[in-house]
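Written below as structure tokens is the structure these notes are about.
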Amino acid sequence: QMIVTMSKLRPSKLDERLDIRGTGDELDRLSLTFNRLLDRIGSYLKERRDSLANAAHELRTPLAAIRSSIEVALASGRTVEEYEELLGEIIEEASSLELLVNQLLLLSETEAERLRVHKEYVRLDELIDRAMDMFGGVAEYREIQLVCPALPRVAVDGNCQHLRQVVYNLIDNSLKFTPAGGQVRVYLVVEGEPPSTVRFAVEDTGWGIPADELPHVFDRFFKGRKKRPGSAEVRGTGLGLSICHAVVVAHEGTIEAESEPDKRTCFTVRLPVMPLRVDNADDDGHHVDLQRTL
């Protein structure tokens, strides 16, 4: 009976399961193991189908906008200024397409475990310091206080480009969902004795995440409630946090989110540390810690 049932299974038909007789013997345990495997395969295939459908939907929107802009441009003669405006819209939509394609390629790399190779010595404090400089102007424009207490010197073994994307994505997300007058705080704390883990956290006083959405924030294409009364809609692909999760897991770390709606949200990343190199120290061998407030 087990052989007959298993022979009927197909990738498009995985709803059948092996009978459990309740004897608790080896055949029952084997049937349970097969059934759990089928559950996992079914869940995996559903996620892939959903991801493909969501990717097609996200790609269709900017493609339709590009096509309509070109059709408008060709419909009749226009002034140079009008052509320039239409070309600007096309470039903007093409940039959205490029971002989405790059994110999908990065996610495919994480599935192939390619992120585990080409690791290097990465100063996490320097990545955060550069991010603070880069997002300082954005925070000031949006009237948000961007704060970073003293950064300890700490290094991790990883891919610098991908870790930079994690840092930038989390800070950018917090700024997007924090109203004017709010605050975004960035922390870097070395934990353990001797140091074994580094904790990177981004906490904001923004909208927060509803309790029913919190378990799904790292799902691909999950966008949740993007608009609040009296606020502009926040555009995004819904891939940023899933990329952060994939990169952190590939670096043998963890990432988690906690939130109180309308009060605060905090994303916390923990990564294993590696010994600091002496040649990367300051002239006197020490790092000057300064409070960063922008």
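Labeling convention for the structure tokens: chains A, B, ... as they appear, residues from 1 per chain, ligands from 1 in order of appearance.
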Those in region 147-277 of chain A with helix (DSSP H, G or I) from DSSP, as number ranges by chain: A: 160-176, 214-216, 240-250
For Leu59 (chain A): contacts at 9 Å, only C-alpha atoms, fewer than 5 positions along chain excluded, given as an NGL selection string: :A and (54 or 64 or 96-97 or 100-101)
For the residues in that selection, give me N, CA, C and O atoms as a compact mmCIF listing (two decimals), in the first residue's frame.
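The result, written out as result.txt:
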# COMPACT_ATOMS: atom_id res chain seq x y z
N ASN A 54 3.91 36.39 -7.80
CA ASN A 54 4.15 37.74 -7.28
C ASN A 54 5.21 38.47 -8.10
O ASN A 54 5.08 39.68 -8.34
N ALA A 64 4.06 47.79 -17.91
CA ALA A 64 2.87 48.43 -18.47
C ALA A 64 3.03 49.95 -18.49
O ALA A 64 2.62 50.62 -19.45
N SER A 96 12.99 50.87 -11.46
CA SER A 96 12.22 49.97 -10.60
C SER A 96 12.38 48.52 -11.06
O SER A 96 12.54 47.61 -10.24
N LEU A 97 12.34 48.32 -12.37
CA LEU A 97 12.55 46.98 -12.92
C LEU A 97 13.93 46.45 -12.58
O LEU A 97 14.10 45.29 -12.19
N LEU A 100 14.14 45.39 -8.92
CA LEU A 100 13.44 44.14 -8.67
C LEU A 100 14.23 42.96 -9.21
O LEU A 100 14.37 41.93 -8.53
N VAL A 101 14.75 43.07 -10.41
CA VAL A 101 15.53 41.97 -11.01
C VAL A 101 16.77 41.68 -10.18
O VAL A 101 17.11 40.51 -9.92
Atom pair CA of Cys160 (chain A) / CA of Glu140 (chain A): separation (Å):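 These two atoms are separated by 27.0 Å.
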Pairwise distance for CA of Gln1 (chain A) and CA of Arg29 (chain A), rounded to one decimal in Å: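 Taking CA of Gln1 (chain A) and CA of Arg29 (chain A), their separation equals 14.9 Å.
Closest to Arg123 (chain A) among A:Leu74, A:Leu27, A:Leu170, A:Val198 is A:Val198, based on only C-alpha atoms.
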Nearest residue to Ile91 (chain A) from the set A:Arg67, A:Arg164, A:Lys46, A:Arg142 (distances using only C-alpha atoms):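 Ranked by minimum distance to Ile91 (chain A), first place goes to A:Arg67.
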Exercise: Ile20 (chain A) partners within 8 Å, only C-alpha atoms, chain neighbours under 4 positions left out, as a list of chain:residue names: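 Near neighbours after the sequence-gap exclusion: A:Asp28, A:Ser31, A:Leu32.
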Could you turn the residues from that selection into a file that holds all heavy atoms, as a compact mmCIF listing (two decimals), in the first residue's frame?
# COMPACT_ATOMS: atom_id res chain seq x y z
N ASP A 28 4.87 2.30 10.63
CA ASP A 28 4.12 3.50 10.99
C ASP A 28 5.04 4.71 11.08
O ASP A 28 4.70 5.80 10.61
CB ASP A 28 3.39 3.29 12.33
CG ASP A 28 1.88 3.23 12.14
OD1 ASP A 28 1.45 3.05 10.99
OD2 ASP A 28 1.14 3.38 13.13
N SER A 31 5.96 5.78 7.65
CA SER A 31 4.85 6.49 7.01
C SER A 31 4.77 7.93 7.51
O SER A 31 4.55 8.87 6.74
CB SER A 31 3.53 5.77 7.30
OG SER A 31 3.51 4.49 6.72
N LEU A 32 4.93 8.12 8.83
CA LEU A 32 4.93 9.47 9.39
C LEU A 32 6.04 10.31 8.80
O LEU A 32 5.86 11.48 8.47
CB LEU A 32 5.06 9.40 10.92
CG LEU A 32 3.79 9.08 11.71
CD1 LEU A 32 4.13 8.79 13.17
CD2 LEU A 32 2.80 10.23 11.62
Exercise: Val184 (chain A) partners within 12 Å, only C-alpha atoms, chain neighbours under 5 positions left out, as a PyMOL selection string: chain A and resi 132+135-136+138-140+142-149+170-179+201-206+264-267+292-294
Sel. of strand (DSSP E) residues, region 3-246 of chain A, as a ChimeraX atom specification: /A:120-123,145-148,155-158,183-191,197-204
Counting only C-alpha atoms, the option among A:Ala65, A:Leu99, A:Leu188, A:Ile255 closest to Glu126 (chain A): A:Leu188
Nearby residues (only C-alpha atoms) at most 12 Å from Arg220 (chain A), same-chain spacing under 5 positions excluded, as a VMD selection string: chain A and resid 47 to 55 58 100 103 to 104 107 236 to 246
Residue with smallest distance to Pro62 (chain A) - pool A:Asn169, A:Thr79, A:Asn35, A:Ser95, counting only C-alpha atoms: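 Checking each candidate against Pro62 (chain A), we get A:Ser95 as the closest.
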Between CA of Arg21 (chain A) and CA of Leu9 (chain A), distance in Å (one decimal): 20.3 Å
Residues within 10 Å of region 191-193 of chain A, only C-alpha atoms, excluding chain neighbours under 6 positions, as JSON, numbers by chain: {"A": [199, 270, 272, 273]}
